[in-house]
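**Student:** Before we start, here is the structure in question, set down as structure tokens.
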Amino acid sequence: MLHEPQPELKAKSPPPRRGIYSYASELFRLRLDKSTSRVSLAALCFAGLFMVIGGRLVQLAVTSESTSGMRRAASSEISAARPDIVDRNGEILATDVKMVSVFAEPRNIVDKDEAVELLTAVLPDLDATELRNKLNTKRGFVWVKREITPRQQAEVHRLGIPGVGFLPENKRVYPNAEAAAHVLGFANVDNVGIAGIEKYIDSMGLQDLNGAGFNISAADLKPVELSIDLRVQHALRDELMKGMTKFKAKATAGAIMDVNTGEVIALVSLPDFDPNNPIDALEKDRINRINVGVFEMGSTFKALTVAMALDSGKYNINSTFDARSGLRYGRFTIGDYHPTRRILSTPEVFIHSSNIGTARMALGIGVEGHKAFLRKMGQLTRLETELPESALPIVPPRWGELNTMTIAFGHGLAVAPLQALMAVGALVNGGVLIKPTFLKRDEEEARKGALQVLKPETSEAMRYVMRLNASNPAGSASSAAIAGFYVGGKTGTAEKVVNGRYSKNKNLTTFTAVVPADKPKYVFLTILDEPQAVEGTYGFSTAGWNAGPVTGNVIERVAPLLGIPPRFEPPAQPFPLMSRLNAWGIR
């Protein structure tokens with residue numbers, strides 16, 4: 001068989017060998033037909049990644065802002081810490097205690113009606129309507145109830161309401177209740193000082209620090225040391241309370257001041273209040289009568305008139321004044337309560353509390369001289385102390401000779417009792433007018449800003465006549481002459497002004513005393529508002545029958561606490577410049 005010849009098969013040669021670089025180049029080479037889709041896919045992936053990260057950052061920022069906002073709101077609401085207030089011996093008068101308060105975050109409470117129902121069930125004194133209104137706001141923080149008890153805290157905690165929590169707070173407490181209430185004042189629920197020394201503390205920068213965001217604790221603050229002696233404060237309040245009850249007075253007040261430093265050792269005004277429950281302080285009869293009330297001080301003002309006359313050089317201790325008949329001025333006649341109807345010496349004018357004698361003294365000095373003296377003694381301007389509460393004296397708008405005559409014996413000029421006490425202190429401490437203070441200080445510090453307003457010999461003469469008024473049986477201050485304490489003093493009885501007219505049956509009685517009279521350390525003041533004649537006063541309601549004996553009881557009780565030992569033998573030469581007048585029989 002014939003076979004057709006087959007075409008000759010040629011062997012294919014193998015492809016040329018390529019290096020690894022060539023394969024990698026082929027693998028990663030961008031082809032124009034596929035590059036656009038690849039870039040778009042990569043961009044989409046990166047965009048998604050950035051969106052996830054950005055969303056998380058926004059979430060964190062919003063959460064942080066909400067939390068910090070709530071914290072800022074809470075911190076601004078939490079009551080700030082206050083320094084302790086202590087008496088001159090370190091006894092606590094006011095301090096902070098830690099309390100717990102309930103707050104809510106309305107935005108985080110889902111069922112607000114249920115929350116109101118549950119909270120009012122365990123805190124029944126809450127107002128349901130008010131609470132519902134609070135929770136229906138969009139605020140991040142509201143108070144539910146301030147200062148709850150541990151038991152209430154446990155009950156609220158068991159409710160488990162989301163968005164309701166607790167915050168620790170500072171609560172101001174006054175361990176001695178009413179003691180020194182008018183000096184301390186009080187702080188409100190936010191621990192902000194509202195009155196008294198508490199308000200003074202805030203004015204000295206405490207609220208500025210808290211407002212600036214400083215997180216201050218009580219341990220960071222130095223205690224405020226007052227001039228008040230808590231022991232003396234208690235004793236004075238107790239004796240004034242007894243006096244108010246015995247003489248059926250409408251109110252009473254008293255103060256004790258160191259004549260050499262101006263420190264107020266005790267101040268009481270009754271009725272008073274408990275600063276732990278300060279709502280009582282809003283009643284109109286709870287004012288601080290010593291610092292805020294203004295009164296005509298009656299015959300206690302005669303001490304200033306006698307001092308003015310002696311210091312002028314126009315009169316001396318032996319000068320005489322005609323009191324044989326009333327002193328007429330126009331249609332007015334000035335007379336004496338207990339007329340002697342004779343010529344009186346300067347000490348006798350003081351002892352017999354002669355209106356006529358002191359009016360003649362003031363007329364001799366003249367209207368302008370009288371005004372200048374009273375202004376120098378701090379009686380015509382507002383007295384400012386650490387206590388924010390103070391009052392302007394009531395001064396006659398047109399001051400003529402008749403005004404000078406009546407003001408000479410304590411009528412026609414109304415002052416705060418504390419400023420009258422300041423003036424009496426200057427009368428007996430050597431003639432130095434020292435501004436009263438409620439902060440503890442020494443004599444050197446006190447005298448830095450003091451003024452010499454009287455000659456030292458005038459001051460000695462005033463100590464002399466004040467002692468004479470207590471030691472002489474005819475003296476109006478004899479009811480306060482407690483044996484052993486060498487008391488000097490002056491009574492004052494002023495008719496109260498009712499509806500623009502002097503009332504004949506409503507008196508304000510006052511008594512000022514210095515102890516000891518030869519070298520005074522303390523001046524005492526007692527005021528009784530509308531005391532009544534009681535058994536043993538023989539129908540009288542004047543100061544010698546009520547304010548005087550009450551002051552004597554105070555002196556007898558507190559003198560040992562003040563470090564004044566009794567002396568039952570009179571000093572050998574108590575008034576050297578007055579020794580030539582020993583004929584008066586002063587003891």
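Starting from 1 in every chain, residues are counted up; chains themselves are A, B, ... following the order of the structure tokens, and ligands are numbered from 1 as listed.
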Residues of segment 159-395 of chain A classed as strand (DSSP E or B) by DSSP on the backbone are to be reported as a count of residues only.

**Tutor:** 49

**Student:** Write out as a list in words the residues lying within 12 Å of Thr245 of chain A, counting only C-alpha atoms and excluding same-chain residues fewer than 6 positions away.

**Tutor:**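 Here the qualifying residues turn out to be Asp238, Glu239, Ala251, Thr252, Leu270, Pro271, Leu528, Asp529, Glu530, Pro531, Gln532, Val534, Asn546 and Val550 of chain A.
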
**Student:** Can I get the selection written as a compact mmCIF listing (two decimals), in the first residue's frame, with C-alpha atoms?

**Tutor:**
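Result went into again_14.txt, see below:
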# COMPACT_ATOMS: atom_id res chain seq x y z
CA ASP A 238 -29.48 83.47 131.21
CA GLU A 239 -29.54 86.56 133.44
CA ALA A 251 -37.59 92.46 124.99
CA THR A 252 -34.15 92.81 126.49
CA LEU A 270 -33.87 88.64 123.31
CA PRO A 271 -36.00 87.26 121.80
CA LEU A 528 -35.12 96.43 129.00
CA ASP A 529 -37.88 97.28 126.55
CA GLU A 530 -41.17 98.23 128.27
CA PRO A 531 -40.48 96.71 131.71
CA GLN A 532 -43.39 96.72 134.13
CA VAL A 534 -43.73 94.41 139.76
CA ASN A 546 -34.95 96.83 136.81
CA VAL A 550 -30.18 92.85 136.30

**Student:** As a list in words, please: the residues near Ala359 of chain A (cut-off 9 Å, only C-alpha atoms, same-chain neighbours under 5 positions excluded).

**Tutor:** Thr305, Leu327, Ile334, Ser354, Gly364, Thr404, Met405, Thr406, Ile407, Ala408 and Phe409 of chain A

**Student:** Would you save the residues from that selection as a short mmCIF file (atom, residue, chain, number, x, y, z; two decimals), in the first residue's frame, using N, CA and C atoms?

**Tutor:**
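Dumped everything to part-v4.cif:
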data_model
loop_
_atom_site.label_atom_id
_atom_site.label_comp_id
_atom_site.auth_asym_id
_atom_site.auth_seq_id
_atom_site.Cartn_x
_atom_site.Cartn_y
_atom_site.Cartn_z
N THR A 305 -22.44 114.12 128.41
CA THR A 305 -22.59 115.56 128.61
C THR A 305 -21.64 116.06 129.70
N LEU A 327 -36.06 124.68 133.97
CA LEU A 327 -35.36 125.47 132.98
C LEU A 327 -36.30 125.72 131.80
N ILE A 334 -38.00 122.40 131.16
CA ILE A 334 -37.26 121.17 131.49
C ILE A 334 -37.19 121.05 133.00
N SER A 354 -29.72 114.97 137.05
CA SER A 354 -30.46 116.21 136.84
C SER A 354 -30.53 116.59 135.36
N GLY A 364 -24.00 125.80 127.89
CA GLY A 364 -22.74 126.50 128.11
C GLY A 364 -21.70 126.19 127.05
N THR A 404 -30.18 120.68 121.68
CA THR A 404 -28.99 120.50 122.52
C THR A 404 -29.37 120.26 123.97
N MET A 405 -30.36 120.97 124.46
CA MET A 405 -30.79 120.80 125.85
C MET A 405 -31.36 119.41 126.10
N THR A 406 -32.20 118.92 125.20
CA THR A 406 -32.81 117.60 125.43
C THR A 406 -31.83 116.45 125.15
N ILE A 407 -30.99 116.61 124.12
CA ILE A 407 -29.99 115.57 123.83
C ILE A 407 -29.01 115.44 124.99
N ALA A 408 -28.78 116.54 125.71
CA ALA A 408 -27.87 116.51 126.86
C ALA A 408 -28.29 115.48 127.89
N PHE A 409 -29.60 115.25 128.05
CA PHE A 409 -30.05 114.24 129.01
C PHE A 409 -30.67 113.01 128.32
#

**Student:** So which one's closest to Tyr522 of chain A, A:Val367, A:Ile148, A:Leu383, A:Ile564? Using only C-alpha atoms, please.

**Tutor:** A:Ile564

**Student:** What's around segment 104-114 of chain A at 8 Å? Count only C-alpha atoms, leave out sequence neighbours fewer than 6 positions away in its own chain, and write the answer as a ChimeraX atom specification.

**Tutor:** /A:132,134-144,161-165

**Student:** Identify which of the residues A:Thr120, A:Ser390, A:Asn170, A:Ser101 lies closest to Lys145 of chain A, counting only C-alpha atoms when measuring atom-to-atom distances.

**Tutor:**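 Between A:Thr120, A:Ser390, A:Asn170, A:Ser101, the residue approaching Lys145 of chain A most closely is A:Ser101.
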
**Student:** Which residue gives the smallest distance to Thr129 of chain A among A:Lys490, A:Thr509, A:Gly298, A:Val116, with only C-alpha atoms counted?

**Tutor:**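 Nearest to Thr129 of chain A: A:Val116.
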
**Student:** Calculated over only C-alpha atoms, which of the candidates A:His234, A:Arg441, A:Lys98, A:Lys242 has the smallest distance to Leu167 of chain A?

**Tutor:**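 Using only C-alpha atoms, the shortest distance to Leu167 of chain A belongs to A:Lys98.
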
**Student:** Can you tell me, as a compact mmCIF listing (two decimals) with N, CA and C atoms, in the first residue's frame, what residues are no more than 12 Å from Ala362 of chain A when counting only C-alpha atoms, ignoring any on the same chain fewer than 2 positions away?

**Tutor:**
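Resulting contents of selection-v4.txt:
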# COMPACT_ATOMS: atom_id res chain seq x y z
N PHE A 301 -26.84 108.96 128.66
CA PHE A 301 -26.18 109.96 127.81
C PHE A 301 -25.64 111.13 128.62
N LYS A 302 -26.10 111.26 129.86
CA LYS A 302 -25.61 112.35 130.70
C LYS A 302 -24.12 112.19 131.00
N ALA A 303 -23.65 110.96 130.95
CA ALA A 303 -22.21 110.74 131.15
C ALA A 303 -21.42 111.45 130.07
N LEU A 304 -21.92 111.41 128.82
CA LEU A 304 -21.24 112.12 127.73
C LEU A 304 -21.30 113.63 127.93
N THR A 305 -22.44 114.12 128.41
CA THR A 305 -22.59 115.56 128.61
C THR A 305 -21.64 116.06 129.70
N VAL A 306 -21.56 115.34 130.80
CA VAL A 306 -20.65 115.72 131.89
C VAL A 306 -19.20 115.68 131.40
N ALA A 307 -18.85 114.63 130.64
CA ALA A 307 -17.48 114.53 130.12
C ALA A 307 -17.18 115.69 129.18
N MET A 308 -18.14 116.06 128.35
CA MET A 308 -17.95 117.20 127.44
C MET A 308 -17.69 118.48 128.22
N ALA A 309 -18.48 118.69 129.28
CA ALA A 309 -18.33 119.91 130.07
C ALA A 309 -16.96 119.96 130.74
N LEU A 310 -16.53 118.83 131.33
CA LEU A 310 -15.24 118.81 132.02
C LEU A 310 -14.08 118.93 131.04
N SER A 312 -14.00 120.40 128.21
CA SER A 312 -13.93 121.71 127.54
C SER A 312 -13.04 122.69 128.29
N LYS A 314 -14.17 124.63 130.46
CA LYS A 314 -15.08 125.68 130.91
C LYS A 314 -15.67 125.35 132.27
N TYR A 315 -15.76 124.05 132.56
CA TYR A 315 -16.30 123.58 133.85
C TYR A 315 -15.30 122.62 134.47
N PHE A 321 -24.43 124.26 139.27
CA PHE A 321 -25.50 124.49 138.30
C PHE A 321 -26.82 124.67 139.05
N ASN A 355 -31.73 116.62 134.84
CA ASN A 355 -31.93 117.11 133.47
C ASN A 355 -31.56 118.59 133.35
N ILE A 356 -31.94 119.32 134.39
CA ILE A 356 -31.67 120.77 134.38
C ILE A 356 -30.17 121.03 134.35
N GLY A 357 -29.43 120.33 135.21
CA GLY A 357 -27.99 120.54 135.29
C GLY A 357 -27.28 120.20 134.00
N THR A 358 -27.63 119.04 133.38
CA THR A 358 -26.94 118.66 132.14
C THR A 358 -27.36 119.57 130.98
N ALA A 359 -28.62 120.03 130.98
CA ALA A 359 -29.04 120.96 129.92
C ALA A 359 -28.25 122.26 130.02
N ARG A 360 -28.01 122.74 131.25
CA ARG A 360 -27.23 123.97 131.42
C ARG A 360 -25.78 123.75 130.97
N GLY A 364 -24.00 125.80 127.89
CA GLY A 364 -22.74 126.50 128.11
C GLY A 364 -21.70 126.19 127.05
N ILE A 365 -21.73 124.98 126.52
CA ILE A 365 -20.79 124.58 125.46
C ILE A 365 -21.26 125.12 124.11
N GLY A 366 -22.57 125.19 123.91
CA GLY A 366 -23.11 125.70 122.65
C GLY A 366 -23.48 124.59 121.68
N VAL A 367 -24.36 124.91 120.76
CA VAL A 367 -24.87 123.92 119.81
C VAL A 367 -23.75 123.32 118.98
N GLU A 368 -22.92 124.14 118.37
CA GLU A 368 -21.86 123.63 117.50
C GLU A 368 -20.82 122.83 118.28
N GLY A 369 -20.49 123.31 119.48
CA GLY A 369 -19.54 122.57 120.31
C GLY A 369 -20.10 121.22 120.73
N HIS A 370 -21.40 121.20 121.04
CA HIS A 370 -22.07 119.95 121.42
C HIS A 370 -22.05 118.95 120.26
N LYS A 371 -22.42 119.42 119.08
CA LYS A 371 -22.43 118.55 117.91
C LYS A 371 -21.02 118.04 117.60
N ALA A 372 -20.04 118.91 117.70
CA ALA A 372 -18.66 118.50 117.41
C ALA A 372 -18.19 117.43 118.40
N PHE A 373 -18.57 117.58 119.67
CA PHE A 373 -18.16 116.60 120.67
C PHE A 373 -18.80 115.24 120.40
N LEU A 374 -20.10 115.23 120.13
CA LEU A 374 -20.79 113.96 119.88
C LEU A 374 -20.29 113.30 118.60
N GLY A 400 -31.15 122.88 117.00
CA GLY A 400 -31.03 124.18 117.66
C GLY A 400 -30.75 124.02 119.14
N GLU A 401 -30.91 125.11 119.89
CA GLU A 401 -30.60 125.08 121.33
C GLU A 401 -31.51 124.12 122.09
N LEU A 402 -32.79 124.05 121.71
CA LEU A 402 -33.69 123.14 122.41
C LEU A 402 -33.25 121.68 122.20
N ASN A 403 -32.80 121.35 120.99
CA ASN A 403 -32.29 120.01 120.72
C ASN A 403 -31.07 119.71 121.58
N THR A 404 -30.18 120.68 121.68
CA THR A 404 -28.99 120.50 122.52
C THR A 404 -29.37 120.26 123.97
N MET A 405 -30.36 120.97 124.46
CA MET A 405 -30.79 120.80 125.85
C MET A 405 -31.36 119.41 126.10
N THR A 406 -32.20 118.92 125.20
CA THR A 406 -32.81 117.60 125.43
C THR A 406 -31.83 116.45 125.15
N ILE A 407 -30.99 116.61 124.12
CA ILE A 407 -29.99 115.57 123.83
C ILE A 407 -29.01 115.44 124.99
N ALA A 408 -28.78 116.54 125.71
CA ALA A 408 -27.87 116.51 126.86
C ALA A 408 -28.29 115.48 127.89
N PHE A 409 -29.60 115.25 128.05
CA PHE A 409 -30.05 114.24 129.01
C PHE A 409 -30.67 113.01 128.32
N GLY A 410 -30.35 112.81 127.02
CA GLY A 410 -30.66 111.54 126.37
C GLY A 410 -31.96 111.46 125.62

**Student:** Quote the spacing between atom CA of Leu508 of chain A and atom CA of Ala481 of chain A in Å to one decimal place.

**Tutor:**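 Interatomic distance, atom CA of Leu508 of chain A to atom CA of Ala481 of chain A: 21.4 Å.
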
**Student:** Would you mind listing what lies within 12 Å of Ala483 of chain A as a count of residues only, with only C-alpha atoms counted and same-chain residues fewer than 2 positions away left out?

**Tutor:** 24

**Student:** So that I can check the surroundings of segment 413-415 of chain A, please list as a list of chain:residue names every protein, DNA and RNA residue that reaches within 7 Å of it, counting only C-alpha atoms and ignoring chain neighbours fewer than 4 positions away.

**Tutor:**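 The residues that qualify are A:Val294, A:Phe295, A:Glu296, A:Met297, A:Gln379, A:Pro393, A:Ile394, A:Val395, A:Pro396, A:Ile407, A:Gln419, A:Ala420.
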
**Student:** Please, could you write that set of residues out with C-alpha atoms as a compact mmCIF listing (two decimals), in the first residue's frame?

**Tutor:**
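Output saved as selection15.txt:
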# COMPACT_ATOMS: atom_id res chain seq x y z
CA VAL A 294 -31.51 102.73 117.47
CA PHE A 295 -32.82 104.14 120.74
CA GLU A 296 -32.84 107.27 122.81
CA MET A 297 -30.48 106.16 125.55
CA GLN A 379 -22.49 109.23 118.02
CA PRO A 393 -28.36 107.21 114.24
CA ILE A 394 -31.47 109.38 114.07
CA VAL A 395 -30.23 112.96 114.26
CA PRO A 396 -32.47 116.07 114.36
CA ILE A 407 -29.99 115.57 123.83
CA GLN A 419 -21.94 102.97 119.69
CA ALA A 420 -23.09 104.39 123.03

**Student:** Would you give me, as a count of residues only, the residues in segment 260-441 of chain A that DSSP reads as helix (DSSP H, G or I)?

**Tutor:** 70

**Student:** Please compute the atom CA of Asp190 of chain A-atom CA of Arg172 of chain A distance, one decimal, in Å.

**Tutor:** 9.2 Å
